[in-house]
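Novice: mmCIF, C-alpha atoms and all ligand atoms, saved as structure.cif, coming up:
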```cif
data_protein
loop_
_atom_site.label_atom_id
_atom_site.label_comp_id
_atom_site.auth_asym_id
_atom_site.auth_seq_id
_atom_site.Cartn_x
_atom_site.Cartn_y
_atom_site.Cartn_z
CA PHE H 1 83.71 105.01 101.30
CA LEU H 2 83.29 102.46 98.54
CA GLN H 3 82.66 104.79 95.63
CA SER H 4 80.87 102.92 92.87
CA GLY H 5 83.33 101.89 90.22
CA GLY H 6 85.99 103.95 91.98
CA ARG H 7 89.23 103.11 93.68
CA LYS H 8 88.96 101.66 97.13
CA PRO H 9 90.13 104.34 99.61
CA LEU H 10 92.93 102.26 101.13
CA ALA H 11 94.18 100.74 97.87
CA GLY H 12 97.96 100.87 97.80
CA ARG H 13 98.22 101.03 101.62
CA ARG H 14 99.66 98.26 103.77
CA ALA H 15 98.21 97.42 107.18
CA ILE H 16 99.38 95.20 110.02
CA VAL H 17 96.77 94.13 112.55
CA THR H 18 97.46 92.15 115.73
CA SER H 19 94.65 90.07 117.18
CA GLY H 20 93.81 87.41 119.72
CA PRO H 21 95.63 86.53 122.91
CA THR H 22 99.19 85.37 123.25
CA HIS H 23 100.05 82.13 125.01
CA GLU H 24 103.16 82.12 127.17
CA PRO H 25 104.29 78.59 127.98
CA ILE H 26 104.94 77.52 131.57
CA ASP H 27 105.99 74.05 130.46
CA PRO H 28 105.13 71.93 127.40
CA VAL H 29 101.50 71.50 128.51
CA ARG H 30 100.62 74.71 130.37
CA TYR H 31 100.51 78.38 129.54
CA ILE H 32 99.37 81.75 130.80
CA ALA H 33 97.17 83.88 128.60
CA ASN H 34 94.83 86.83 128.42
CA ARG H 35 91.14 86.56 127.68
CA SER H 36 90.58 87.40 124.04
CA SER H 37 88.45 85.85 121.34
CA GLY H 38 90.19 87.66 118.47
CA LYS H 39 86.79 88.82 117.20
CA GLN H 40 87.58 92.53 117.25
CA GLY H 41 91.05 92.32 115.68
CA HIS H 42 89.93 89.92 112.98
CA ALA H 43 86.97 92.18 112.16
CA ILE H 44 89.32 95.17 111.83
CA ALA H 45 91.61 93.26 109.46
CA ALA H 46 88.58 92.27 107.38
CA ALA H 47 87.32 95.87 107.28
CA LEU H 48 90.70 97.29 106.23
CA ALA H 49 90.99 94.66 103.48
CA ARG H 50 87.50 95.52 102.25
CA LEU H 51 88.63 99.13 101.85
CA GLY H 52 91.53 97.95 99.72
CA ALA H 53 94.45 97.77 102.18
CA GLU H 54 96.93 94.95 101.77
CA THR H 55 96.38 93.51 105.23
CA ILE H 56 98.54 91.20 107.31
CA LEU H 57 96.81 89.77 110.36
CA VAL H 58 99.24 88.61 113.04
CA SER H 59 97.16 86.55 115.42
CA GLY H 60 97.66 84.57 118.57
CA PRO H 61 95.56 81.44 119.13
CA SER H 62 91.98 82.22 118.10
CA GLY H 63 89.11 80.16 116.78
CA GLU H 64 87.96 82.95 114.50
CA PRO H 65 88.06 82.17 110.77
CA VAL H 66 90.65 83.86 108.59
CA PRO H 67 88.94 86.92 107.08
CA SER H 68 88.78 86.94 103.31
CA GLY H 69 91.40 88.95 101.50
CA VAL H 70 93.74 88.98 104.51
CA SER H 71 97.18 87.34 104.89
CA MET H 72 97.30 85.47 108.18
CA VAL H 73 100.41 84.91 110.27
CA ARG H 74 99.75 82.67 113.29
CA VAL H 75 101.85 83.08 116.43
CA GLU H 76 101.76 81.86 120.02
CA THR H 77 103.85 84.17 122.17
CA ALA H 78 104.36 87.93 122.47
CA ARG H 79 107.91 87.60 121.23
CA GLU H 80 106.73 85.73 118.15
CA MET H 81 104.05 88.37 117.60
CA LEU H 82 106.60 91.18 117.70
CA ALA H 83 108.93 89.32 115.32
CA ALA H 84 106.05 88.69 112.88
CA CYS H 85 105.05 92.38 112.97
CA GLU H 86 108.62 93.48 112.35
CA ALA H 87 108.87 91.02 109.45
CA ALA H 88 105.65 92.47 107.98
CA LEU H 89 107.02 96.03 107.90
CA PRO H 90 106.97 98.45 106.15
CA ALA H 91 103.34 99.41 106.64
CA ASP H 92 101.23 102.57 106.50
CA ILE H 93 98.87 101.41 109.22
CA ALA H 94 99.35 99.33 112.37
CA VAL H 95 96.39 98.39 114.55
CA CYS H 96 97.31 96.52 117.73
CA ALA H 97 94.16 94.80 118.91
CA ALA H 98 95.83 91.75 120.44
CA ALA H 99 95.55 91.04 124.15
CA VAL H 100 99.25 90.46 124.62
CA ALA H 101 100.33 88.76 127.84
CA ASP H 102 102.26 91.39 129.79
CA TRP H 103 104.52 88.78 131.34
CA ARG H 104 106.00 85.46 130.40
CA ILE H 105 107.62 82.77 132.52
CA ASP H 106 111.21 83.71 133.14
CA CYS H 107 112.48 80.20 132.70
CA GLU H 108 110.12 77.92 130.82
CA ALA H 109 110.37 74.28 131.96
CA VAL H 110 111.56 71.89 129.27
CA GLN H 111 109.65 68.98 130.79
CA LYS H 112 106.16 68.94 132.28
CA ILE H 113 106.25 70.17 135.88
CA LYS H 114 105.05 67.30 138.12
CA LYS H 115 102.85 67.53 141.23
CA GLU H 116 104.68 64.75 143.02
CA GLY H 117 107.20 65.90 145.58
CA GLY H 118 104.61 68.20 147.15
CA ALA H 119 106.37 71.53 146.74
CA LEU H 120 104.23 74.14 145.01
CA PRO H 121 105.99 75.50 141.95
CA SER H 122 106.64 79.23 142.01
CA LEU H 123 106.59 80.99 138.69
CA ALA H 124 109.07 83.81 138.18
CA LEU H 125 107.81 86.23 135.54
CA THR H 126 109.57 88.59 133.22
CA GLU H 127 108.08 91.37 131.12
CA ASN H 128 107.19 90.81 127.47
CA PRO H 129 108.11 93.27 124.74
CA ASP H 130 105.44 95.89 124.09
CA ILE H 131 104.53 95.53 120.42
CA LEU H 132 102.42 98.69 120.23
CA ALA H 133 105.10 100.83 121.90
CA THR H 134 107.82 99.30 119.73
CA LEU H 135 105.94 100.03 116.47
CA SER H 136 105.00 103.52 117.71
CA ARG H 137 108.61 104.42 118.48
CA LEU H 138 110.35 102.97 115.42
CA ALA H 139 113.12 105.39 114.55
CA SER H 140 112.81 104.64 110.86
CA GLY H 141 109.91 103.15 108.98
CA ARG H 142 107.27 103.92 111.59
CA PRO H 143 103.78 103.33 110.16
CA SER H 144 102.06 106.70 109.52
CA LEU H 145 99.13 105.73 111.69
CA VAL H 146 99.56 103.51 114.76
CA VAL H 147 96.39 102.58 116.61
CA GLY H 148 96.25 100.79 119.95
CA PHE H 149 93.50 99.43 122.11
CA ALA H 150 93.05 99.96 125.81
CA ALA H 151 91.09 97.39 127.72
CA GLU H 152 90.03 99.01 130.96
CA THR H 153 87.71 98.01 133.75
CA GLU H 154 87.41 101.48 135.33
CA LYS H 155 88.14 105.15 134.52
CA VAL H 156 88.18 104.02 130.90
CA VAL H 157 88.86 107.33 129.12
CA GLU H 158 91.27 108.61 131.77
CA HIS H 159 93.39 105.48 131.64
CA ALA H 160 93.30 105.41 127.84
CA VAL H 161 94.46 109.02 127.51
CA ALA H 162 97.43 108.19 129.75
CA LYS H 163 98.10 105.07 127.68
CA LEU H 164 98.13 107.09 124.43
CA GLY H 165 100.99 109.16 125.79
CA ARG H 166 102.86 106.22 127.29
CA LYS H 167 102.73 104.10 124.14
CA GLY H 168 103.43 106.91 121.67
CA CYS H 169 100.67 105.77 119.33
CA ASP H 170 98.36 108.08 117.37
CA TRP H 171 94.96 106.78 118.39
CA ILE H 172 93.64 104.53 121.12
CA VAL H 173 90.38 102.66 120.94
CA ALA H 174 89.39 102.42 124.58
CA ASN H 175 86.97 99.72 125.54
CA ASP H 176 85.20 98.91 128.73
CA VAL H 177 85.96 95.33 129.69
CA ALA H 178 84.40 95.38 133.15
CA PRO H 179 82.65 92.03 133.63
CA ALA H 180 79.25 93.76 133.53
CA SER H 181 80.00 95.20 130.06
CA GLY H 182 79.77 91.75 128.44
CA THR H 183 82.66 92.59 126.08
CA PHE H 184 84.68 89.39 126.38
CA GLY H 185 83.63 86.78 123.89
CA GLY H 186 80.52 88.88 123.35
CA HIS H 187 79.19 90.42 120.20
CA ASP H 188 79.09 94.07 121.20
CA ASN H 189 81.61 96.67 122.14
CA ARG H 190 81.30 100.13 123.63
CA VAL H 191 84.37 102.17 122.76
CA HIS H 192 85.86 105.64 122.84
CA LEU H 193 88.25 106.82 120.14
CA ILE H 194 91.08 108.78 121.79
CA SER H 195 93.45 110.96 119.79
CA ALA H 196 95.37 114.18 120.31
CA ASP H 197 92.07 115.92 119.47
CA GLY H 198 90.33 114.39 122.48
CA ALA H 199 87.92 111.55 123.18
CA GLU H 200 85.00 110.61 121.00
CA ASP H 201 82.32 108.37 122.52
CA TRP H 202 80.89 105.81 120.16
CA PRO H 203 77.53 104.24 120.92
CA LYS H 204 77.32 100.56 121.79
CA MET H 205 77.61 98.61 118.55
CA SER H 206 78.73 95.24 117.27
CA LYS H 207 82.44 94.46 116.97
CA GLN H 208 81.87 94.35 113.18
CA GLU H 209 80.46 97.87 113.31
CA VAL H 210 83.35 99.12 115.45
CA ALA H 211 85.71 97.62 112.87
CA GLY H 212 83.89 99.20 109.93
CA ARG H 213 83.76 102.59 111.57
CA LEU H 214 87.43 102.47 112.57
CA ALA H 215 88.49 101.43 109.05
CA GLY H 216 86.41 104.30 107.66
CA ARG H 217 88.16 106.73 110.01
CA ILE H 218 91.54 105.37 108.94
CA ALA H 219 90.61 105.85 105.27
CA ARG H 220 89.53 109.43 106.03
CA TYR H 221 92.83 110.09 107.80
CA PHE H 222 94.78 109.19 104.67
CA GLU H 223 92.38 111.07 102.38
CA ASP H 224 92.76 114.23 104.48
CA ARG H 225 96.54 113.97 104.20
CA THR H 226 96.62 113.79 100.40
N1 LIG H 301 100.18 95.81 123.78
C1 LIG H 301 101.21 95.31 123.01
N2 LIG H 301 102.21 94.58 123.59
C2 LIG H 301 102.19 94.35 124.91
C3 LIG H 301 101.15 94.85 125.73
C4 LIG H 301 100.16 95.57 125.12
O1 LIG H 301 101.21 95.53 121.79
N3 LIG H 301 103.18 93.63 125.45
C5 LIG H 301 99.15 96.64 123.15
C6 LIG H 301 97.77 96.02 123.06
O2 LIG H 301 97.62 95.29 121.86
C7 LIG H 301 96.89 97.25 123.09
C8 LIG H 301 97.68 98.24 123.94
O3 LIG H 301 99.02 97.79 123.91
O4 LIG H 301 96.78 97.82 121.80
C9 LIG H 301 97.25 98.40 125.34
O5 LIG H 301 97.21 97.16 126.00
P1 LIG H 301 96.86 97.14 127.54
O6 LIG H 301 97.00 95.77 128.05
O7 LIG H 301 95.53 97.85 127.71
O8 LIG H 301 98.00 98.11 128.10
P2 LIG H 301 99.27 97.88 128.98
O9 LIG H 301 100.27 98.92 128.60
O10 LIG H 301 99.73 96.47 128.92
O11 LIG H 301 98.78 98.27 130.42
P3 LIG H 301 97.93 97.47 131.54
O12 LIG H 301 97.73 96.05 131.05
O13 LIG H 301 98.78 97.57 132.75
O14 LIG H 301 96.64 98.25 131.66
CA CA H 302 98.42 94.66 129.36
#
```
Rewrite the coordinates I just gave you, this time as structure tokens.
Ligand code: CTP
Ligand code: CA
Specialist:
Amino acid sequence: FLQSGGRKPLAGRRAIVTSGPTHEPIDPVRYIANRSSGKQGHAIAAALARLGAETILVSGPSGEPVPSGVSMVRVETAREMLAACEAALPADIAVCAAAVADWRIDCEAVQKIKKEGGALPSLALTENPDILATLSRLASGRPSLVVGFAAETEKVVEHAVAKLGRKGCDWIVANDVAPASGTFGGHDNRVHLISADGAEDWPKMSKQEVAGRLAGRIARYFEDRT
């Protein structure tokens, strides 16, 4: 896609990428979170930037370095992540690769919850906003291409096809996160690209390669439209 001496295929396009986990505080010292290294989302942001997109990476806590050529917005919670994405609009492309915590604590404790007293604390949960569904359903200013991820441990394609419809996004990258797949914190990913046209199985490849291939597909999508 990088034609020698030519324009980069995503030049002039804006992309928002979410990455990493979110942390939902229980009290000032504790939180609940998803497992996510941020490797895949960061690699996607890097790949989109390499193809010329002006890329904003909205990331939860992650030890991954900031990819070159990318603007980084660091957040902790799902609500902060949604607000940062909304602030980054308008965009042509949104890729939601973050492992957003589905729930947060209903009433976060202001002070550290203490063991003494003996009673076990019970944590009431409330649902977090769905960033992917919110961006997919924007009444005005919806990005032309909204891509989600589906982390599944079983019936990967079946669950991802259902998720595509439920979220209202254009594509879903479905990945197998069963413990035996070695996806979490690992180097490799085995994914399926789901769209209205059906499911495409990609061979096992590195997260960098998944990112490069996805960015290439995104570039092709915009080239086909013009
Ligand atoms: N997602 C999001 N905001 C949330 C939850 C999920 O943006 N509050 C996004 C993720 O970034 C991912 C996609 O939605 O792109 C699917 O996430 P996943 O956890 O697989 O789907 P859920 O709808 O939360 O369903 P479940 O966890 O029950 O499988
Ligand atoms: Ca979820």
Novice: At a cut-off of 7 Å around ligand CA 302 (chain H), and using all atoms listed in the file, what residues come up? Please write them as a PyMOL selection string.
Specialist: chain H and resi 99-102
Novice: Could you take the residues named above and write them with C-alpha atoms, as a JSON list (two decimals), in the frame of the given file?
Specialist:
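Dumped everything to result_31.json:
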```
[["chain", "number", "residue", "atom", "x", "y", "z"],
["H", 99, "ALA", "CA", 95.55, 91.04, 124.15],
["H", 100, "VAL", "CA", 99.25, 90.46, 124.62],
["H", 101, "ALA", "CA", 100.33, 88.76, 127.84],
["H", 102, "ASP", "CA", 102.26, 91.39, 129.79]]
```
Novice: Tell me, in Å to one decimal, how far CA of Cys85 in chain H is from CA of His192 in chain H.
Specialist: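 Separation between CA of Cys85 in chain H and CA of His192 in chain H: 25.3 Å.
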Novice: Choose the residue, out of H:Ala215, H:Val17, H:Ile194, H:Ile113, that has the smallest atom-to-atom separation from Lys163 in chain H; count only C-alpha atoms.
Specialist: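 Nearest candidate to Lys163 in chain H out of H:Ala215, H:Val17, H:Ile194, H:Ile113: H:Ile194.
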Novice: Could you give me, as a ChimeraX atom specification, the residues within 9 Å of range 50-66 of chain H, counting all atoms listed in the file and dropping anything in the same chain fewer than 4 positions from it?
Specialist: /H:1-2,7-23,36-39,41-42,45-46,70-78,81,84-85,88,98-100,215-216,219
Novice: May I ask you to write as a list of chain:residue names all residues lying at most 6 Å from ligand LIG 301 (chain H), with only C-alpha atoms and all ligand atoms counted?
Specialist: H:Cys96, H:Ala97, H:Ala98, H:Ala99, H:Val100, H:Asp102, H:Asn128, H:Pro129, H:Asp130, H:Ile131, H:Leu132, H:Gly148, H:Phe149, H:Ala150, H:Ala151
Novice: Find the distance between CA of Ala199 in chain H and CA of Ile218 in chain H and write it in Å to one decimal.
Specialist: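 That distance, rounded to one decimal, is 15.9 Å.
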Novice: Which is closer to Leu135 in chain H than all the others in H:Gly117, H:Gly69, H:Pro90, H:Pro179, using all atoms listed in the file?
Specialist: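 The answer is H:Pro90, which sits nearest to Leu135 in chain H.
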Novice: Can you measure CA of Val157 in chain H to CA of Asp224 in chain H for me? One decimal in Å is fine.
Specialist: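 CA of Asp224 in chain H lies at a distance of 25.9 Å from CA of Val157 in chain H.
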Novice: So, counting only C-alpha atoms, which residue among H:Ser144, H:Gln40, H:Thr126, H:Asn175 is closest to Ala160 in chain H?
Specialist: H:Asn175
Novice: Which of these residues is nearest to Val146 in chain H, using only C-alpha atoms: H:Ala124, H:Ala211, H:Ile32, H:Val173?
Specialist: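 Residue with the minimum atom-to-atom distance to Val146 in chain H: H:Val173.
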Novice: With N, CA, C and O atoms as the target, complete range 205-220 of chain H and hand it back as a short mmCIF file (atom, residue, chain, number, x, y, z; two decimals), keeping the file's coordinate frame.
Specialist:
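Once everything was written out, this is part27.cif:
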```
data_model
loop_
_atom_site.label_atom_id
_atom_site.label_comp_id
_atom_site.auth_asym_id
_atom_site.auth_seq_id
_atom_site.Cartn_x
_atom_site.Cartn_y
_atom_site.Cartn_z
N MET H 205 77.86 99.20 119.87
CA MET H 205 77.61 98.61 118.55
C MET H 205 78.33 97.28 118.47
O MET H 205 79.10 96.93 119.36
N SER H 206 78.10 96.55 117.40
CA SER H 206 78.73 95.24 117.27
C SER H 206 80.22 95.44 116.99
O SER H 206 80.66 96.50 116.54
N LYS H 207 81.01 94.39 117.24
CA LYS H 207 82.44 94.46 116.97
C LYS H 207 82.68 94.67 115.46
O LYS H 207 83.64 95.33 115.07
N GLN H 208 81.79 94.12 114.63
CA GLN H 208 81.87 94.35 113.18
C GLN H 208 81.69 95.84 112.88
O GLN H 208 82.41 96.41 112.06
N GLU H 209 80.73 96.45 113.55
CA GLU H 209 80.46 97.87 113.31
C GLU H 209 81.61 98.74 113.81
O GLU H 209 81.98 99.72 113.16
N VAL H 210 82.17 98.39 114.96
CA VAL H 210 83.35 99.12 115.45
C VAL H 210 84.46 99.04 114.41
O VAL H 210 85.10 100.03 114.06
N ALA H 211 84.66 97.84 113.87
CA ALA H 211 85.71 97.62 112.87
C ALA H 211 85.47 98.46 111.63
O ALA H 211 86.38 99.12 111.11
N GLY H 212 84.23 98.45 111.15
CA GLY H 212 83.89 99.20 109.93
C GLY H 212 84.08 100.69 110.13
O GLY H 212 84.63 101.39 109.27
N ARG H 213 83.66 101.15 111.30
CA ARG H 213 83.76 102.59 111.57
C ARG H 213 85.23 103.01 111.73
O ARG H 213 85.65 104.05 111.24
N LEU H 214 86.01 102.16 112.39
CA LEU H 214 87.43 102.47 112.57
C LEU H 214 88.15 102.46 111.21
O LEU H 214 88.94 103.37 110.92
N ALA H 215 87.86 101.48 110.37
CA ALA H 215 88.49 101.43 109.05
C ALA H 215 88.11 102.66 108.24
O ALA H 215 88.95 103.23 107.53
N GLY H 216 86.85 103.08 108.35
CA GLY H 216 86.41 104.30 107.66
C GLY H 216 87.17 105.52 108.13
O GLY H 216 87.58 106.38 107.34
N ARG H 217 87.40 105.60 109.45
CA ARG H 217 88.16 106.73 110.01
C ARG H 217 89.60 106.70 109.53
O ARG H 217 90.23 107.74 109.30
N ILE H 218 90.16 105.52 109.41
CA ILE H 218 91.54 105.37 108.94
C ILE H 218 91.62 105.83 107.48
O ILE H 218 92.53 106.57 107.09
N ALA H 219 90.64 105.43 106.68
CA ALA H 219 90.61 105.85 105.27
C ALA H 219 90.53 107.38 105.19
O ALA H 219 91.23 108.01 104.39
N ARG H 220 89.69 107.97 106.04
CA ARG H 220 89.53 109.43 106.03
C ARG H 220 90.84 110.11 106.42
O ARG H 220 91.21 111.14 105.84
#
```
